[in-house]
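Trainee: Structure file work-v8.cif (mmCIF, C-alpha atoms) right here:
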data_entry
#
loop_
_atom_site.label_atom_id
_atom_site.label_comp_id
_atom_site.auth_asym_id
_atom_site.auth_seq_id
_atom_site.Cartn_x
_atom_site.Cartn_y
_atom_site.Cartn_z
CA MET A 1041 53.28 38.90 0.60
CA SER A 1042 56.81 37.60 1.13
CA SER A 1043 58.19 34.56 2.91
CA ILE A 1044 61.48 32.82 3.63
CA ALA A 1045 62.30 29.75 1.55
CA PRO A 1046 64.90 27.25 2.81
CA SER A 1047 66.75 26.98 -0.51
CA PHE A 1048 66.25 27.15 -4.25
CA PRO A 1049 64.38 24.09 -5.57
CA PHE A 1050 65.63 24.58 -9.11
CA VAL A 1051 69.36 25.40 -9.03
CA SER A 1052 71.44 22.32 -8.37
CA LEU A 1053 75.02 21.50 -9.25
CA ASP A 1054 73.57 18.29 -10.67
CA HIS A 1055 71.74 20.44 -13.24
CA ILE A 1056 74.47 23.00 -14.00
CA ALA A 1057 77.61 22.66 -16.11
CA ILE A 1058 80.08 25.32 -17.17
CA GLY A 1059 82.37 25.46 -20.17
CA ARG A 1060 85.79 26.95 -20.81
CA PRO A 1061 85.87 30.73 -20.55
CA ILE A 1062 86.50 33.19 -23.33
CA THR A 1063 88.40 36.33 -22.28
CA ARG A 1064 88.28 39.77 -23.85
CA CYS A 1065 89.58 43.04 -22.37
CA GLY A 1066 90.09 41.47 -18.94
CA VAL A 1067 86.55 40.06 -18.84
CA SER A 1068 86.15 36.27 -18.82
CA LEU A 1069 82.83 34.64 -19.71
CA PHE A 1070 82.14 31.08 -18.58
CA PRO A 1071 79.22 29.57 -20.53
CA ILE A 1072 76.52 27.93 -18.40
CA TYR A 1073 74.55 24.89 -19.50
CA THR A 1074 71.60 23.37 -17.65
CA HIS A 1075 70.42 19.78 -17.88
CA VAL A 1076 66.72 20.45 -17.42
CA VAL A 1077 63.80 20.74 -19.81
CA PRO A 1078 63.79 24.45 -20.74
CA ARG A 1079 60.86 26.78 -20.14
CA ASP A 1080 60.99 29.11 -23.10
CA TYR A 1081 59.40 32.56 -23.14
CA ARG A 1082 59.57 35.05 -25.95
CA THR A 1083 61.68 37.98 -24.81
CA GLY A 1084 63.94 40.80 -25.93
CA PRO A 1085 63.45 43.41 -28.67
CA GLY A 1086 60.71 42.34 -31.03
CA SER A 1087 58.93 40.18 -28.46
CA GLY A 1088 55.77 42.28 -28.82
CA VAL A 1089 55.60 43.79 -25.33
CA LEU A 1090 54.85 47.53 -25.21
CA ILE A 1091 56.33 49.71 -22.46
CA SER A 1092 54.82 53.11 -21.67
CA GLU A 1093 54.42 55.72 -18.96
CA GLN A 1094 51.32 55.57 -16.81
CA ALA A 1095 48.52 58.00 -17.64
CA SER A 1096 49.75 60.07 -14.68
CA ALA A 1097 53.47 59.42 -15.11
CA GLU A 1098 55.59 58.62 -12.07
CA VAL A 1099 59.28 57.75 -11.82
CA PRO A 1100 59.22 54.27 -10.23
CA THR A 1101 56.50 52.55 -12.27
CA LEU A 1102 55.85 51.86 -15.96
CA VAL A 1103 53.11 49.97 -17.79
CA ALA A 1104 53.92 46.77 -19.67
CA HIS A 1105 51.25 45.70 -22.15
CA ASN A 1106 51.30 42.25 -23.73
CA PRO A 1107 48.93 42.19 -26.73
CA THR A 1108 49.94 38.65 -27.74
CA ASN A 1109 48.40 35.30 -26.85
CA ARG A 1110 51.49 34.02 -25.02
CA PRO A 1111 53.39 35.18 -21.92
CA LEU A 1112 56.36 37.50 -22.54
CA LEU A 1113 59.47 37.98 -20.39
CA LEU A 1114 60.95 41.31 -19.31
CA VAL A 1115 64.40 41.02 -17.72
CA ALA A 1116 65.75 42.82 -14.66
CA GLY A 1117 68.62 45.08 -15.68
CA GLU A 1118 67.23 45.85 -19.13
CA THR A 1119 67.20 49.55 -19.93
CA VAL A 1120 64.30 51.21 -21.73
CA ILE A 1121 64.91 54.48 -23.55
CA GLY A 1122 62.39 57.28 -24.09
CA GLY A 1123 59.30 58.24 -22.13
CA ARG A 1124 59.82 61.10 -19.74
CA GLN A 1125 63.20 59.69 -18.69
CA ASN A 1126 65.18 56.51 -19.32
CA ARG A 1127 64.63 53.66 -16.85
CA VAL A 1128 66.02 50.26 -15.86
CA LEU A 1129 63.76 47.36 -14.87
CA ASN A 1130 63.95 46.50 -11.17
CA VAL A 1131 62.81 42.88 -11.42
CA SER A 1132 62.17 40.27 -14.08
CA VAL A 1133 58.53 39.92 -15.09
CA VAL A 1134 56.59 37.35 -17.07
CA VAL A 1135 53.68 39.39 -18.43
CA PRO A 1136 50.64 37.14 -18.94
CA ALA A 1137 49.04 36.90 -22.37
CA ASN A 1138 46.68 39.71 -23.37
CA SER A 1139 47.25 41.70 -20.19
CA GLU A 1140 48.87 44.76 -18.62
CA VAL A 1141 51.02 44.93 -15.49
CA LEU A 1142 52.68 47.77 -13.60
CA VAL A 1143 56.45 47.22 -13.60
CA PRO A 1144 58.75 48.69 -10.91
CA VAL A 1145 61.68 50.58 -12.44
CA SER A 1146 64.48 52.97 -11.50
CA CYS A 1147 65.47 56.18 -13.27
CA VAL A 1148 68.84 56.20 -15.04
CA GLU A 1149 68.52 59.74 -16.46
CA GLN A 1150 68.25 62.22 -13.62
CA GLY A 1151 68.12 65.49 -15.58
CA ARG A 1152 65.19 64.94 -17.96
CA TRP A 1153 61.41 64.85 -17.45
CA ASN A 1154 59.60 65.70 -20.68
CA GLU A 1155 56.40 64.70 -22.42
CA GLY A 1156 57.42 61.38 -23.99
CA SER A 1157 55.17 58.37 -23.38
CA PHE A 1158 56.62 55.25 -25.03
CA PHE A 1159 59.90 53.38 -24.79
CA GLU A 1160 62.21 51.27 -26.89
CA SER A 1161 64.74 48.72 -25.71
CA GLY A 1162 68.15 50.10 -24.80
CA ARG A 1163 71.23 48.88 -26.64
CA SER A 1164 72.82 47.81 -23.38
CA PHE A 1165 71.90 46.32 -20.03
CA ALA A 1166 72.83 48.57 -17.12
CA PRO A 1167 76.43 48.06 -15.96
CA ARG A 1168 77.15 45.77 -13.03
CA ARG A 1169 77.51 48.36 -10.25
CA VAL A 1170 74.20 50.03 -11.15
CA ARG A 1171 72.44 46.67 -11.24
CA ARG A 1172 74.05 45.54 -7.98
CA ALA A 1173 72.90 48.67 -6.14
CA LYS A 1174 69.41 48.20 -7.53
CA VAL A 1175 69.21 44.49 -6.69
CA ALA A 1176 70.51 45.05 -3.15
CA THR A 1177 68.06 47.83 -2.29
CA VAL A 1178 65.06 46.21 -4.01
CA GLY A 1179 65.76 43.05 -2.01
CA GLU A 1180 65.98 45.02 1.23
CA ASN A 1181 62.69 46.82 0.51
CA VAL A 1182 61.00 43.53 -0.32
CA ARG A 1183 62.21 42.10 2.99
CA LEU A 1184 61.06 45.12 5.01
CA SER A 1185 57.82 46.13 3.31
CA GLY A 1186 57.17 44.04 0.20
CA ALA A 1187 57.78 47.06 -2.06
CA LYS A 1188 59.91 46.43 -5.17
CA PHE A 1189 61.47 49.88 -5.46
CA ALA A 1190 65.19 50.62 -5.36
CA ASP A 1191 67.01 53.36 -3.48
CA GLN A 1192 66.76 55.92 -6.30
CA GLY A 1193 69.40 58.18 -4.81
CA LEU A 1194 71.91 55.32 -4.68
CA VAL A 1195 71.07 54.32 -8.25
CA TRP A 1196 71.70 57.91 -9.40
CA ASP A 1197 75.00 57.89 -7.49
CA MET A 1198 76.04 54.70 -9.30
CA VAL A 1199 74.98 56.15 -12.67
CA GLY A 1200 77.10 59.23 -11.98
CA SER A 1201 80.02 57.03 -10.95
CA GLU A 1202 79.81 55.04 -14.18
CA LEU A 1203 79.67 58.20 -16.29
CA ASN A 1204 82.70 59.60 -14.46
CA ARG A 1205 84.63 56.34 -14.67
CA VAL A 1206 84.59 56.36 -18.48
CA HIS A 1207 84.59 60.17 -18.82
CA ALA A 1208 81.18 60.13 -20.53
CA VAL A 1209 79.27 63.41 -20.87
CA SER A 1210 75.48 63.72 -20.73
CA ALA A 1211 73.55 66.92 -20.11
CA SER A 1212 70.72 64.90 -18.55
CA GLY A 1213 72.94 62.43 -16.67
CA ALA A 1214 71.78 59.59 -18.91
CA LEU A 1215 73.38 56.21 -18.25
CA ASN A 1216 73.30 55.28 -21.94
CA ALA A 1217 76.02 57.91 -22.55
CA VAL A 1218 78.39 55.18 -21.31
CA GLU A 1219 77.79 53.46 -24.65
CA ALA A 1220 79.88 56.12 -26.41
CA HIS A 1221 82.87 54.77 -24.48
CA LEU A 1222 82.18 51.27 -25.81
CA ASP A 1223 81.93 52.57 -29.35
CA SER A 1224 85.03 54.76 -29.18
CA ASP A 1225 87.38 52.34 -27.42
CA SER A 1226 88.76 50.19 -30.24
CA ALA A 1227 89.55 47.17 -28.05
CA LEU A 1228 86.09 47.12 -26.45
CA ALA A 1229 84.39 47.71 -29.81
CA GLN A 1230 86.30 44.82 -31.36
CA ALA A 1231 85.54 42.56 -28.39
CA HIS A 1232 81.84 43.34 -28.64
CA ALA A 1233 81.81 42.78 -32.41
CA GLU A 1234 83.46 39.38 -32.00
CA LEU A 1235 81.20 38.23 -29.17
CA GLN A 1236 78.12 39.55 -30.97
CA LYS A 1237 79.11 37.77 -34.18
CA TYR A 1238 79.61 34.37 -32.62
CA GLY A 1239 76.83 34.75 -30.09
CA PRO A 1240 76.17 32.29 -27.28
CA LEU A 1241 77.35 28.73 -27.85
CA GLN A 1242 75.00 25.91 -28.82
CA GLY A 1243 72.90 25.05 -25.77
CA GLN A 1244 74.31 27.89 -23.65
CA CYS A 1245 71.75 29.52 -21.37
CA GLY A 1246 73.86 31.79 -19.19
CA VAL A 1247 77.24 33.30 -18.32
CA ILE A 1248 79.42 33.54 -15.24
CA VAL A 1249 81.53 36.70 -15.47
CA ALA A 1250 85.03 36.91 -13.99
CA HIS A 1251 87.64 39.66 -13.75
CA GLY A 1252 90.82 37.68 -13.44
CA SER A 1253 90.22 35.18 -10.64
CA ARG A 1254 87.32 37.18 -9.16
CA ILE A 1255 83.77 36.08 -10.00
CA VAL A 1256 81.72 39.27 -10.30
CA SER A 1257 78.31 38.25 -11.66
CA VAL A 1258 76.05 35.56 -13.10
CA GLU A 1259 73.26 35.76 -15.67
CA LEU A 1260 71.10 32.67 -16.22
CA PHE A 1261 68.05 32.08 -18.44
CA ALA A 1262 65.70 29.15 -18.71
CA ALA A 1263 66.50 28.44 -22.35
CA PRO A 1264 69.24 29.22 -24.90
CA ALA A 1265 66.85 31.24 -27.09
CA MET A 1266 66.16 33.59 -24.20
CA LEU A 1267 69.88 34.27 -23.67
CA ARG A 1268 70.32 34.73 -27.41
CA ALA A 1269 67.54 37.36 -27.52
CA HIS A 1270 69.44 39.52 -25.01
CA TRP A 1271 73.00 38.59 -25.95
CA GLY A 1272 74.09 41.82 -27.64
CA ALA A 1273 72.72 44.14 -24.95
CA LEU A 1274 73.95 41.88 -22.15
CA ILE A 1275 77.48 41.75 -23.56
CA ARG A 1276 77.55 45.53 -23.97
CA GLY A 1277 76.68 45.92 -20.29
CA ILE A 1278 79.34 43.40 -19.28
CA LEU A 1279 82.06 45.03 -21.40
CA ALA A 1280 81.12 48.48 -20.10
CA ASP A 1281 82.44 47.17 -16.78
CA ALA A 1282 85.78 45.95 -18.20
CA PRO A 1283 88.48 46.35 -15.52
CA GLN A 1284 91.65 48.38 -15.89
CA GLY A 1285 93.70 45.46 -14.62
CA VAL A 1286 93.11 41.95 -13.34
CA VAL A 1287 94.68 39.70 -10.73
CA GLY A 1288 94.90 35.97 -11.29
CA ARG A 1289 93.35 33.78 -13.94
CA PRO A 1290 89.72 32.72 -14.41
CA SER A 1291 88.96 29.65 -12.31
CA ALA A 1292 86.25 27.09 -13.06
CA SER A 1293 86.28 25.98 -9.43
CA GLN A 1294 85.64 29.58 -8.30
CA ALA A 1295 82.80 29.85 -10.81
CA LEU A 1296 81.18 26.64 -9.55
CA ARG A 1297 81.66 27.76 -5.95
CA PHE A 1298 79.80 30.99 -6.70
CA MET A 1299 76.93 29.02 -8.25
CA HIS A 1300 76.90 26.72 -5.21
CA ARG A 1301 76.52 29.71 -2.89
CA LEU A 1302 73.58 30.92 -4.95
CA ALA A 1303 71.99 27.47 -5.05
CA THR A 1304 72.24 26.98 -1.28
CA SER A 1305 71.25 30.48 -0.19
CA THR A 1306 68.04 31.26 1.70
CA PRO A 1307 65.93 33.69 -0.33
CA VAL A 1308 63.01 35.90 0.56
CA VAL A 1309 60.17 34.82 -1.73
CA THR A 1310 57.39 37.08 -2.92
CA ASP A 1311 54.74 36.97 -5.61
CA GLY A 1312 55.96 38.11 -9.00
CA VAL A 1313 54.75 41.27 -10.69
CA GLY A 1314 53.32 39.00 -13.38
CA LEU A 1315 53.45 35.21 -13.31
CA GLY A 1316 55.51 33.24 -10.80
CA GLN A 1317 57.50 34.14 -7.71
CA GLU A 1318 60.58 36.29 -7.11
CA HIS A 1319 63.43 35.00 -4.94
CA HIS A 1320 65.54 37.80 -3.42
CA VAL A 1321 68.94 36.89 -1.97
CA ARG A 1322 71.32 38.76 0.30
CA THR A 1323 74.36 37.01 1.78
CA PRO A 1324 77.69 38.41 3.04
CA ARG A 1325 79.10 37.70 -0.44
CA MET A 1326 76.35 38.30 -2.98
CA VAL A 1327 72.99 39.78 -3.87
CA ALA A 1328 70.70 38.10 -6.38
CA GLN A 1329 67.24 37.99 -7.89
CA VAL A 1330 65.61 34.91 -9.37
CA LEU A 1331 62.24 34.64 -11.11
CA VAL A 1332 60.59 31.22 -10.79
CA VAL A 1333 57.45 30.01 -12.56
CA ASP A 1334 56.00 26.59 -11.70
CA GLU A 1335 59.14 25.77 -9.64
CA ALA A 1336 61.41 26.32 -12.66
CA ILE A 1337 63.89 29.12 -13.08
CA VAL A 1338 63.05 31.69 -15.75
CA HIS A 1339 65.79 34.26 -15.13
CA ALA A 1340 68.46 34.79 -12.46
CA SER A 1341 71.08 37.47 -11.93
CA ALA A 1342 73.62 37.57 -9.11
CA PHE A 1343 76.38 40.03 -8.19
CA ALA A 1344 79.38 39.65 -5.90
CA LEU A 1345 79.47 42.27 -3.16
CA ALA A 1346 83.23 42.37 -2.73
CA ALA A 1347 84.05 42.67 -6.45
#
Is it possible to express this structure as structure tokens?

Mentor:
Amino acid sequence: MSSIAPSFPFVSLDHIAIGRPITRCGVSLFPIYTHVVPRDYRTGPGSGVLISEQASAEVPTLVAHNPTNRPLLLVAGETVIGGRQNRVLNVSVVVPANSEVLVPVSCVEQGRWNEGSFFESGRSFAPRRVRRAKVATVGENVRLSGAKFADQGLVWDMVGSELNRVHAVSASGALNAVEAHLDSDSALAQAHAELQKYGPLQGQCGVIVAHGSRIVSVELFAAPAMLRAHWGALIRGILADAPQGVVGRPSASQALRFMHRLATSTPVVTDGVGLGQEHHVRTPRMVAQVLVVDEAIVHASAFALAA
């Protein structure tokens, strides 16, 4: 069941601060800090969650099994590699302790369907345009029918566009072939090594991403440890989207304005796949997903439509 909520109860400019950006390869990262008591979930590679195909495998749904005695977080935009074909998670999910849930996903490897069953975490989050297409169409399906599936054809189109953009070759049309571009481009490889080495700053729980003066995306977690668990893969996905050229300089006021639009938007709210509620946003300027548990943000991602 879904409903319309008047505004987000948990994102307020009174609770958000941003730091000075660091810029590499035309990509500027503003650190986000929140002044709230963090809700910390174990997440990322090594969290203990097991992802597998269903007994009768189907493209848009995987099984997430949590064998531990604490809830575990899966993050929208994460890629999982293996199974019958590589996938990307459609929404963020807090999997309850000692339980299994069916997770909606999209295929990011059009030309393979073999007998694999289990998955491992991808080295990179999906690039921005793939995630934006997925978030936009999942949100529209939630609004119309409550279903949390993306427009698979559009996702494949975006995967193909990303492969073409960096001249990556994959016999199966696998999105993770984009990673070869990151590894072979010396400037991008150096940028990733530096950002990976230093990691998120003390207390940082998110990033606002800018290309020059344009704000293109936001990633926000409930606690610094949760951002740290995904830092390497998140940065790889962000750098995979590095622009050829930029206009203007990164602007803190633009970054705060983007966060204000997110905070004051009117989301469609639906029950989460696991714990909590999902907030799906579509405005003339952005699309976003936010997972909320007990009226506190767990994970949010937002993407500018004009960028």

Trainee: Give as a JSON list (two decimals) with C-alpha atoms, keeping the file's coordinate frame the set of residues within 8 Å of the point (54.6, 47.7, -24.0), where distances use the file's coordinates and all atoms listed in the file.

Mentor:
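Wrote it out as selection_23.json, contents follow:
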[["chain", "number", "residue", "atom", "x", "y", "z"],
["A", 1088, "GLY", "CA", 55.77, 42.28, -28.82],
["A", 1089, "VAL", "CA", 55.60, 43.79, -25.33],
["A", 1090, "LEU", "CA", 54.85, 47.53, -25.21],
["A", 1091, "ILE", "CA", 56.33, 49.71, -22.46],
["A", 1092, "SER", "CA", 54.82, 53.11, -21.67],
["A", 1103, "VAL", "CA", 53.11, 49.97, -17.79],
["A", 1104, "ALA", "CA", 53.92, 46.77, -19.67],
["A", 1105, "HIS", "CA", 51.25, 45.70, -22.15],
["A", 1106, "ASN", "CA", 51.30, 42.25, -23.73],
["A", 1158, "PHE", "CA", 56.62, 55.25, -25.03],
["A", 1159, "PHE", "CA", 59.90, 53.38, -24.79]]

Trainee: Taking 3 positions as the minimum chain separation for residues in the same chain, which residues sit within 9 Å of stretch 1066-1080 of chain A when counting all atoms listed in the file? Answer as a ChimeraX atom specification.

Mentor: /A:1054-1063,1240-1241,1243-1252,1259-1266,1278-1279,1281-1286,1290,1292,1295,1333,1336-1338

Trainee: Given the file shown, determine the residues that the PyMOL selection byres ((chain A and resi 1109) around 9) selects; report them as a list of chain:residue names.

Mentor: A:Asn1106, A:Pro1107, A:Thr1108, A:Arg1110, A:Pro1111, A:Pro1136, A:Ala1137, A:Asn1138

Trainee: Need the shell around A:Ser1096: protein/DNA/RNA residues with any atom at most 12 Å away, counting only C-alpha atoms. Skip same-chain ones fewer than 4 positions apart. Format as an NGL selection string?

Mentor: :A and (1092 or 1100-1103 or 1124 or 1155 or 1157)

Trainee: What does the distance between atom CA of A:Gly1179 and atom CA of A:Ser1201 come to in Å, to one decimal place?

Mentor: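 So the two atoms, atom CA of A:Gly1179 and atom CA of A:Ser1201, lie 21.9 Å apart.
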
Trainee: Running the PyMOL selection byres ((chain A and resi 1220) around 12) on this model by hand, what would come out? Give it as a list in words.

Mentor: Arg1163, Ser1164, Leu1203, Val1206, His1207, Ala1208, Val1209, Ser1210, Ala1214, Leu1215, Asn1216, Ala1217, Val1218, Glu1219, His1221, Leu1222, Asp1223, Ser1224, Asp1225, Ser1226, Leu1228, Ala1229, Arg1276 and Ala1280 of chain A

Trainee: Have a look at atom CA of A:Val1199 and atom CA of A:Gly1277 and let me know their distance in Å, one decimal.

Mentor: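 Rounded to one decimal, the two atoms are 12.9 Å apart.
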
Trainee: Using only the atoms of stretch 1128-1134 of chain A listed in the file, plus 3 Å on each side, state the axis-aligned box centre and edge lengths in Å rounded to one decimal, as lines of an AutoDock Vina configuration file.

Mentor:
center_x = 61.3
center_y = 43.8
center_z = -14.1
size_x = 15.4
size_y = 18.9
size_z = 11.9

Trainee: Using the chain letters and numbering of this document, enumerate as an MDAnalysis selection string the residues selected by the PyMOL selection byres ((chain A and resi 1320) around 12).

Mentor: chainID A and resid 1042:1045 1047:1048 1130:1132 1174:1183 1186 1188 1302 1305:1312 1317:1319 1321:1323 1326:1332 1340:1342

Trainee: One number please: atom CA of A:Leu1345 to atom CA of A:Asn1204, in Å, one decimal.

Mentor: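 Those two atoms sit 20.9 Å apart.
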
Trainee: Please determine, counting only C-alpha atoms, which residue among A:Gly1162, A:Gly1213, A:Gly1314, A:Gly1084 has the shortest atom-to-atom distance to A:Leu1142.

Mentor: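 Among the listed residues, the smallest separation from A:Leu1142 belongs to A:Gly1314.
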
Trainee: Which polymer residues have any atom within 9 Å of an atom of A:Arg1325, counting all atoms listed in the file, with same-chain residues fewer than 5 positions away left out, as number ranges by chain?

Mentor: A: 1301, 1343-1346

Trainee: Restricting the calculation to all atoms listed in the file, which member of A:Arg1127, A:His1232, A:Arg1205, A:Lys1237 is positioned closest to A:Ala1190?

Mentor: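 Among the listed residues, A:Arg1127 lies closest to A:Ala1190.
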